[in-house]
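Novice: Data: work-v1.tsv, TSV, C-alpha atoms.
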```
chain	number	residue	atom	x	y	z
L	461	MET	CA	-10.01	9.38	6.66
L	462	VAL	CA	-9.62	8.11	10.24
L	463	ALA	CA	-8.14	10.36	12.91
L	464	VAL	CA	-4.59	9.27	13.70
L	465	THR	CA	-3.48	8.36	17.18
L	466	GLY	CA	-0.55	6.72	18.92
L	467	GLU	CA	1.36	6.42	22.17
L	468	LYS	CA	4.45	8.64	22.15
L	469	ILE	CA	5.73	11.59	20.13
L	470	TRP	CA	9.37	12.69	19.98
L	471	MET	CA	9.63	16.42	20.67
L	472	ASP	CA	12.89	18.32	20.84
L	473	GLY	CA	14.90	15.32	21.97
L	474	GLU	CA	12.54	13.55	24.37
L	475	PHE	CA	9.37	11.48	24.23
L	476	VAL	CA	6.07	12.81	25.51
L	477	ASP	CA	2.67	11.18	25.70
L	478	TRP	CA	0.61	11.57	22.52
L	479	ALA	CA	-2.00	13.73	24.25
L	480	ASP	CA	0.65	16.03	25.73
L	481	ALA	CA	2.48	16.85	22.46
L	482	ASN	CA	1.17	20.41	22.33
L	483	VAL	CA	2.48	23.77	21.14
L	484	HIS	CA	1.55	27.35	22.00
L	485	VAL	CA	-1.11	29.09	19.92
L	486	LEU	CA	1.51	31.72	18.99
L	487	THR	CA	3.77	29.13	17.39
L	488	HIS	CA	5.22	31.07	14.45
L	489	THR	CA	4.77	28.27	11.89
L	490	LEU	CA	1.06	28.04	12.73
L	491	HIS	CA	0.60	31.67	11.67
L	492	TYR	CA	2.98	32.03	8.73
L	493	GLY	CA	3.55	28.51	7.40
L	494	LEU	CA	7.36	28.45	7.49
L	495	GLY	CA	8.31	24.94	8.50
L	496	VAL	CA	9.39	21.77	6.73
L	497	PHE	CA	8.43	18.14	6.99
L	498	GLU	CA	8.84	14.67	5.54
L	499	GLY	CA	6.56	11.72	4.93
L	500	ILE	CA	8.27	8.35	5.47
L	501	ARG	CA	6.95	4.79	5.56
L	502	SER	CA	7.98	1.74	7.47
L	503	TYR	CA	6.98	-1.67	6.12
L	504	ARG	CA	6.64	-5.07	7.75
L	505	THR	CA	8.94	-7.36	5.79
L	506	ASP	CA	8.36	-11.03	5.05
L	507	ASP	CA	10.53	-12.08	7.99
L	508	GLY	CA	8.38	-10.03	10.38
L	509	SER	CA	10.88	-7.23	10.94
L	510	ALA	CA	10.27	-3.55	10.29
L	511	ALA	CA	12.10	-1.71	7.54
L	512	VAL	CA	11.99	2.02	6.88
L	513	PHE	CA	12.04	2.80	3.17
L	514	ARG	CA	14.94	5.02	2.08
L	515	LEU	CA	15.38	6.61	5.49
L	516	PRO	CA	18.70	8.41	4.80
L	517	GLU	CA	17.31	9.97	1.63
L	518	HIS	CA	14.24	11.25	3.47
L	519	VAL	CA	16.28	12.70	6.30
L	520	ARG	CA	18.62	14.35	3.81
L	521	ARG	CA	15.66	15.95	2.06
L	522	LEU	CA	14.33	17.17	5.41
L	523	PHE	CA	17.63	18.94	6.04
L	524	ASP	CA	17.74	20.22	2.45
L	525	SER	CA	14.25	21.66	2.90
L	526	ALA	CA	15.32	23.34	6.12
L	527	HIS	CA	18.44	24.77	4.48
L	528	ILE	CA	16.43	26.17	1.55
L	529	ASN	CA	14.19	27.93	4.06
L	530	LEU	CA	17.02	29.22	6.30
L	531	LEU	CA	16.03	26.94	9.19
L	532	GLU	CA	18.88	25.50	11.22
L	533	VAL	CA	17.90	22.09	12.54
L	534	PRO	CA	19.20	21.73	16.12
L	535	PHE	CA	19.97	18.03	15.66
L	536	SER	CA	22.26	16.07	13.33
L	537	HIS	CA	21.22	13.74	10.51
L	538	ASP	CA	22.22	10.75	12.64
L	539	GLU	CA	20.25	11.98	15.63
L	540	ILE	CA	17.09	12.43	13.57
L	541	GLN	CA	17.47	9.01	11.94
L	542	ALA	CA	17.93	7.37	15.33
L	543	ALA	CA	14.94	9.26	16.76
L	544	ILE	CA	12.74	8.11	13.86
L	545	LEU	CA	13.59	4.48	14.53
L	546	GLU	CA	13.06	4.93	18.26
L	547	THR	CA	9.70	6.61	17.65
L	548	LEU	CA	8.53	3.54	15.75
L	549	GLY	CA	9.61	1.39	18.68
L	550	GLN	CA	7.95	3.62	21.27
L	551	ASN	CA	4.69	3.25	19.36
L	552	HIS	CA	5.13	-0.50	18.85
L	553	LEU	CA	4.91	-0.13	15.10
L	554	SER	CA	6.57	-2.27	12.47
L	555	GLU	CA	4.45	-0.79	9.67
L	556	GLY	CA	3.33	2.80	9.66
L	557	TYR	CA	3.73	6.37	8.51
L	558	ILE	CA	6.36	8.68	10.01
L	559	ARG	CA	6.12	12.48	10.01
L	560	PRO	CA	9.17	14.48	11.13
L	561	ILE	CA	8.54	18.23	11.19
L	562	VAL	CA	10.85	21.19	11.78
L	563	PHE	CA	8.99	24.32	12.84
L	564	ILE	CA	9.48	27.76	14.38
L	565	GLY	CA	8.27	28.06	17.96
L	566	ASP	CA	6.51	30.87	19.75
L	567	GLY	CA	8.03	34.15	20.92
L	568	GLU	CA	8.30	36.98	18.43
L	569	MET	CA	5.54	37.59	15.93
L	570	GLY	CA	5.61	39.19	12.48
L	571	LEU	CA	7.23	37.96	9.30
L	572	ASN	CA	10.70	37.90	10.89
L	573	PRO	CA	10.77	35.04	13.41
L	574	GLY	CA	13.80	36.59	15.08
L	575	GLY	CA	15.16	34.47	17.89
L	576	ASN	CA	12.27	32.02	18.12
L	577	ALA	CA	13.42	28.47	18.79
L	578	ILE	CA	13.60	25.99	15.91
L	579	ARG	CA	11.76	22.94	17.14
L	580	VAL	CA	11.56	19.36	15.86
L	581	ALA	CA	8.91	16.69	16.36
L	582	ILE	CA	8.58	13.14	15.04
L	583	ILE	CA	5.24	11.37	14.88
L	584	ALA	CA	4.57	7.75	13.86
L	585	TYR	CA	1.20	6.12	13.42
L	586	GLU	CA	-0.69	3.40	11.56
L	587	TRP	CA	-1.84	4.42	8.10
L	588	GLY	CA	-3.17	2.32	5.25
L	589	LYS	CA	-3.44	3.11	1.56
L	590	TYR	CA	-3.71	6.87	1.11
L	591	LEU	CA	-6.16	6.71	-1.79
L	592	GLY	CA	-7.94	3.56	-0.63
L	593	GLU	CA	-7.16	-0.15	-0.79
L	594	GLU	CA	-9.22	-0.64	-3.95
L	595	SER	CA	-7.25	2.07	-5.75
L	596	MET	CA	-4.15	-0.12	-5.87
L	597	GLU	CA	-5.81	-2.38	-8.44
L	598	HIS	CA	-8.72	-0.42	-9.88
L	599	GLY	CA	-7.13	3.03	-10.00
L	600	ILE	CA	-8.50	6.45	-9.21
L	601	ARG	CA	-10.33	9.26	-11.00
L	602	ALA	CA	-8.44	12.53	-11.33
L	603	LYS	CA	-9.16	16.00	-12.66
L	604	VAL	CA	-6.89	18.73	-13.92
L	605	SER	CA	-7.09	21.44	-11.29
L	606	THR	CA	-7.97	25.08	-11.85
L	607	PHE	CA	-5.02	25.86	-9.55
L	608	ASN	CA	-1.48	26.03	-10.95
L	609	ARG	CA	1.54	24.48	-9.29
L	610	HIS	CA	4.05	26.82	-7.68
L	611	PHE	CA	6.41	28.67	-10.00
L	612	PRO	CA	10.02	28.03	-8.88
L	613	ASN	CA	10.94	31.67	-8.43
L	614	ALA	CA	7.71	32.51	-6.62
L	615	LYS	CA	8.13	29.66	-4.14
L	616	MET	CA	11.07	27.34	-4.35
L	617	THR	CA	9.94	23.83	-5.26
L	618	LYS	CA	12.69	21.55	-3.98
L	619	GLY	CA	11.68	21.60	-0.34
L	620	LYS	CA	8.66	20.19	1.49
L	621	THR	CA	7.59	23.47	3.06
L	622	CYS	CA	4.49	23.48	5.27
L	623	GLY	CA	2.87	26.56	3.76
L	624	ASP	CA	3.30	25.30	0.21
L	625	TYR	CA	0.63	22.71	0.85
L	626	VAL	CA	-2.17	25.28	0.94
L	627	ASN	CA	-1.87	25.02	-2.86
L	628	SER	CA	-2.30	21.25	-2.57
L	629	ILE	CA	-5.23	21.52	-0.17
L	630	LEU	CA	-7.12	23.87	-2.47
L	631	ALA	CA	-6.57	21.60	-5.47
L	632	LYS	CA	-7.43	18.42	-3.54
L	633	ARG	CA	-10.61	19.86	-2.03
L	634	GLU	CA	-11.75	21.13	-5.42
L	635	ALA	CA	-11.25	17.66	-6.90
L	636	LEU	CA	-13.14	15.95	-4.08
L	637	LEU	CA	-16.02	18.42	-4.25
L	638	ASP	CA	-16.25	17.76	-7.98
L	639	GLY	CA	-16.49	14.02	-7.38
L	640	TYR	CA	-12.90	13.01	-8.18
L	641	ASP	CA	-10.27	11.32	-6.03
L	642	GLU	CA	-7.26	13.47	-6.83
L	643	ALA	CA	-6.12	16.66	-8.57
L	644	ILE	CA	-3.46	17.03	-11.27
L	645	LEU	CA	-1.85	20.47	-11.34
L	646	LEU	CA	-0.34	22.23	-14.33
L	647	ASP	CA	2.58	24.62	-14.11
L	648	THR	CA	2.31	28.28	-15.06
L	649	GLU	CA	3.13	27.39	-18.68
L	650	GLY	CA	0.16	25.03	-18.85
L	651	LEU	CA	2.27	21.87	-18.75
L	652	VAL	CA	1.65	18.91	-16.46
L	653	ALA	CA	3.47	19.22	-13.13
L	654	GLU	CA	2.26	16.78	-10.48
L	655	ALA	CA	-0.72	15.82	-8.37
L	656	SER	CA	-1.61	17.44	-5.05
L	657	GLY	CA	0.89	15.29	-3.18
L	658	GLU	CA	2.32	12.86	-5.74
L	659	ASN	CA	4.50	12.70	-8.82
L	660	LEU	CA	2.92	11.52	-12.06
L	661	PHE	CA	4.00	8.96	-14.67
L	662	MET	CA	2.57	8.22	-18.11
L	663	VAL	CA	3.01	5.22	-20.41
L	664	ARG	CA	2.57	5.52	-24.17
L	665	ASP	CA	3.72	2.86	-26.66
L	666	GLY	CA	5.82	1.16	-24.00
L	667	VAL	CA	7.75	4.31	-23.01
L	668	LEU	CA	7.52	5.55	-19.43
L	669	THR	CA	7.45	9.34	-19.16
L	670	THR	CA	7.43	11.72	-16.21
L	671	PRO	CA	7.59	15.53	-16.08
L	672	PRO	CA	11.03	17.05	-15.37
L	673	LEU	CA	11.93	18.46	-11.98
L	674	HIS	CA	11.52	22.16	-12.82
L	675	THR	CA	8.24	22.61	-10.95
L	676	VAL	CA	7.83	19.31	-9.09
L	677	LEU	CA	9.21	17.89	-5.88
L	678	ALA	CA	12.05	15.43	-6.38
L	679	GLY	CA	10.05	12.52	-5.05
L	680	ILE	CA	11.92	9.67	-3.42
L	681	THR	CA	9.37	7.12	-4.62
L	682	ARG	CA	9.64	8.79	-8.04
L	683	SER	CA	13.41	8.22	-8.16
L	684	SER	CA	12.93	4.65	-6.94
L	685	VAL	CA	10.45	3.85	-9.72
L	686	ILE	CA	12.75	5.40	-12.32
L	687	GLU	CA	15.66	3.22	-11.16
L	688	VAL	CA	13.54	0.05	-11.07
L	689	ALA	CA	12.14	0.78	-14.53
L	690	ARG	CA	15.63	1.22	-15.97
L	691	ASP	CA	16.78	-2.00	-14.30
L	692	LYS	CA	13.88	-3.81	-15.97
L	693	GLY	CA	14.69	-2.38	-19.39
L	694	ILE	CA	11.66	-0.11	-19.62
L	695	PRO	CA	12.46	2.95	-21.78
L	696	ILE	CA	12.04	6.10	-19.69
L	697	GLU	CA	12.19	9.79	-20.40
L	698	GLU	CA	11.85	12.94	-18.34
L	699	ARG	CA	10.23	15.61	-20.50
L	700	THR	CA	7.43	18.11	-20.59
L	701	VAL	CA	3.94	16.62	-20.85
L	702	THR	CA	0.80	18.33	-22.13
L	703	ARG	CA	-2.63	17.93	-20.62
L	704	ASP	CA	-4.09	16.18	-23.65
L	705	GLU	CA	-1.26	13.63	-23.62
L	706	LEU	CA	-2.72	12.37	-20.36
L	707	TYR	CA	-6.06	11.69	-22.03
L	708	ILE	CA	-4.52	9.47	-24.72
L	709	ALA	CA	-1.98	7.67	-22.51
L	710	ASP	CA	-1.92	3.90	-22.40
L	711	GLU	CA	-1.34	4.05	-18.63
L	712	LEU	CA	-1.10	6.68	-15.91
L	713	PHE	CA	-0.03	6.31	-12.30
L	714	LEU	CA	1.00	8.35	-9.27
L	715	THR	CA	3.96	7.82	-6.97
L	716	GLY	CA	4.65	9.08	-3.47
L	717	THR	CA	5.32	7.94	0.07
L	718	ALA	CA	1.62	8.18	0.87
L	719	ALA	CA	0.23	7.03	-2.49
L	720	GLU	CA	3.03	4.49	-3.13
L	721	VAL	CA	2.24	3.41	-6.74
L	722	THR	CA	-1.41	4.18	-7.55
L	723	PRO	CA	-2.97	3.76	-11.03
L	724	ILE	CA	-5.18	6.43	-12.60
L	725	ARG	CA	-8.12	5.07	-14.59
L	726	GLU	CA	-9.74	8.36	-15.62
L	727	VAL	CA	-8.80	12.03	-16.09
L	728	ASP	CA	-11.41	14.76	-16.70
L	729	ARG	CA	-14.04	12.13	-17.59
L	730	ARG	CA	-11.73	10.59	-20.20
L	731	THR	CA	-11.13	6.89	-19.53
L	732	ILE	CA	-7.45	6.01	-19.72
L	733	ALA	CA	-7.08	3.17	-22.25
L	734	ASP	CA	-9.46	0.42	-21.08
L	735	GLY	CA	-9.87	1.90	-17.61
L	736	ARG	CA	-7.75	-0.71	-15.85
L	737	ARG	CA	-4.35	-0.84	-14.24
L	738	GLY	CA	-1.91	-1.33	-17.10
L	739	PRO	CA	0.84	-3.98	-17.34
L	740	ILE	CA	3.79	-1.61	-16.76
L	741	THR	CA	2.02	0.00	-13.82
L	742	LYS	CA	1.32	-3.43	-12.37
L	743	LEU	CA	4.93	-4.54	-12.88
L	744	LEU	CA	6.38	-1.46	-11.17
L	745	GLN	CA	3.79	-1.55	-8.40
L	746	THR	CA	4.50	-5.22	-7.69
L	747	SER	CA	8.24	-4.56	-7.71
L	748	PHE	CA	7.85	-1.65	-5.32
L	749	PHE	CA	5.96	-3.72	-2.76
L	750	ASP	CA	8.36	-6.64	-3.18
L	751	ILE	CA	11.24	-4.29	-2.42
L	752	ALA	CA	9.46	-2.85	0.62
L	753	ALA	CA	8.77	-6.38	1.90
L	754	GLY	CA	12.45	-7.31	1.63
L	755	ARG	CA	12.01	-9.75	-1.26
L	756	GLU	CA	14.45	-8.02	-3.62
L	757	SER	CA	18.02	-8.33	-2.34
L	758	LYS	CA	19.26	-5.98	-5.05
L	759	TYR	CA	17.46	-3.10	-3.34
L	760	GLU	CA	18.18	-4.07	0.25
L	761	ARG	CA	20.21	-0.85	0.52
L	762	TRP	CA	16.89	1.06	0.46
L	763	LEU	CA	15.72	-0.56	3.68
L	764	THR	CA	16.75	0.47	7.18
L	765	ARG	CA	15.75	-2.45	9.34
L	766	LEU	CA	14.83	-2.15	13.00
```
Taking this structure as input, can you express it in the form of structure tokens?

Specialist:
Amino acid sequence: MVAVTGEKIWMDGEFVDWADANVHVLTHTLHYGLGVFEGIRSYRTDDGSAAVFRLPEHVRRLFDSAHINLLEVPFSHDEIQAAILETLGQNHLSEGYIRPIVFIGDGEMGLNPGGNAIRVAIIAYEWGKYLGEESMEHGIRAKVSTFNRHFPNAKMTKGKTCGDYVNSILAKREALLDGYDEAILLDTEGLVAEASGENLFMVRDGVLTTPPLHTVLAGITRSSVIEVARDKGIPIEERTVTRDELYIADELFLTGTAAEVTPIREVDRRTIADGRRGPITKLLQTSFFDIAAGRESKYERWLTRL
């Protein structure tokens, strides 16, 4: 991974130089993990313009995450959307990754943040394929993690909460240290949940299957792929999936803002089918990138153009 850099960062309503976007060491979120964020992508379309993929849905989820965690965002939906687009412009980006974050500032310490300010920052920077360029065609190797995914009543699963990602970090690092590219986490019942930062899909006998939303984040790329699959007449079901079903799948792939649509060629040293990107994965992957590039007028509503 390459260290990210840029020109300007939006902080609490104004732009500051990248190097000056600092917070105090007693920032409450740094110590206790209570903050929320989003991952959003902008794509360069075929006509050369920039288009942010499903911007309103991402901003809505940011506010939903804040509401779940009793954080009151000091800006409106419209203000955050406008700031995201302006941040891309300030950094002269047509294609890149966008990270809005809502966090608790410094002041009081302890588990009760008290009257500490709720702060907001928006960062935009260049970022390529999260799991590598070659993974788009050749797929990745994954392992089932020894770490379980969060149980809904232990830590609510419908928000992107900063501290929740310690679970993801532990699973991801374990997978990398064991020689894999990504981790797949089971829920506390031993059923497949999701990867460390992506939703998971399986194909068997032409049917596309993905785990239900009980213990997984309601991914925006996930919902996009489900809609595209239905539009193309691919049978799809949301149901529980067992670990060994992954091993005998015809195709597996991950979805997410970072991972986009990434095939899986191996799980726990079991090759998936013939170890190549499958035809349904390829179809949905191609459709996704066509949509992002502005080639599919039917899905133009998903693009916010600059």

Novice: Which one of L:Thr621, L:Tyr759, L:His491, L:Asn613 sits closest to Leu531 (chain L) if you count all atoms listed in the file?

Specialist: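 Answer, going by the shortest atom-to-atom distance: L:Thr621.
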
Novice: In Å, rounded to a single decimal, give me how far CA of Ile751 (chain L) is from CA of Ala655 (chain L).

Specialist: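 Between these atoms lies a distance of 24.1 Å.
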
Novice: Per residue of region 643-673 of chain L within 9 Å of region 738-743 of chain L, record the nearest atom pair and its distance in Å to one decimal, counting only C-alpha atoms, with rows in chain order and ascending residue number, as a Markdown table.

Specialist:
```
| residue | atom | partner | partner_atom | distance |
| --- | --- | --- | --- | --- |
| L:Val663 | CA | L:Ile740 | CA | 7.8 |
| L:Gly666 | CA | L:Ile740 | CA | 8.0 |
| L:Leu668 | CA | L:Ile740 | CA | 8.5 |
```

Novice: Can I get the residues of region 547-644 of chain L within 6 Å of region 473-489 of chain L, each with the closest pair of atoms and their distance in Å to one decimal, using all atoms listed in the file, sorted chain first then ascending number, as CSV?

Specialist:
```
residue,atom,partner,partner_atom,distance
L:Phe563,CA,L:Thr489,CA,5.9
L:Ile564,CA,L:Thr489,CA,5.4
L:Gly565,CA,L:Thr487,CA,4.7
L:Asp566,CA,L:Thr487,CA,4.0
```

Novice: Sorted by chain and rising residue number, which residues of region 616-720 of chain L lie within 10 Å of region 576-599 of chain L, and what are their closest atom pairs and distances in Å to one decimal, counting only C-alpha atoms, as JSON lines?

Specialist:
```
{"residue": "L:Asp641", "atom": "CA", "partner": "L:Leu591", "partner_atom": "CA", "distance": 7.5}
{"residue": "L:Glu642", "atom": "CA", "partner": "L:Leu591", "partner_atom": "CA", "distance": 8.5}
{"residue": "L:Leu712", "atom": "CA", "partner": "L:Gly599", "partner_atom": "CA", "distance": 9.2}
{"residue": "L:Phe713", "atom": "CA", "partner": "L:Gly599", "partner_atom": "CA", "distance": 8.2}
{"residue": "L:Leu714", "atom": "CA", "partner": "L:Gly599", "partner_atom": "CA", "distance": 9.7}
{"residue": "L:Gly716", "atom": "CA", "partner": "L:Tyr590", "partner_atom": "CA", "distance": 9.8}
{"residue": "L:Thr717", "atom": "CA", "partner": "L:Tyr590", "partner_atom": "CA", "distance": 9.2}
{"residue": "L:Ala718", "atom": "CA", "partner": "L:Tyr590", "partner_atom": "CA", "distance": 5.5}
{"residue": "L:Ala719", "atom": "CA", "partner": "L:Tyr590", "partner_atom": "CA", "distance": 5.3}
{"residue": "L:Glu720", "atom": "CA", "partner": "L:Lys589", "partner_atom": "CA", "distance": 8.1}
```

Novice: Near Arg755 (chain L), counting only C-alpha atoms, which residues have an atom at most 9 Å away, once you skip same-chain residues fewer than 5 positions from it, shown as a PyMOL selection string?

Specialist: chain L and resi 505-506+749-750+760

Novice: Nearest to Arg601 (chain L) among L:Ile629, L:Val727, L:Ile694, L:Ala733, with distances taken over all atoms listed in the file: which residue is it?

Specialist: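 That would be L:Val727, the residue with the smallest distance to Arg601 (chain L).
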
Novice: Show which residues sit within 12 Å of Pro672 (chain L), as a ChimeraX atom specification. Count all atoms listed in the file, and ignore same-chain residues fewer than 4 positions away.

Specialist: /L:647,651-654,659-661,676-679,682-683,696-701

Novice: Tell me which of L:Ala752, L:Leu673, L:Lys468, L:Val519 sits closest to Glu539 (chain L), counting all atoms listed in the file.

Specialist: L:Val519
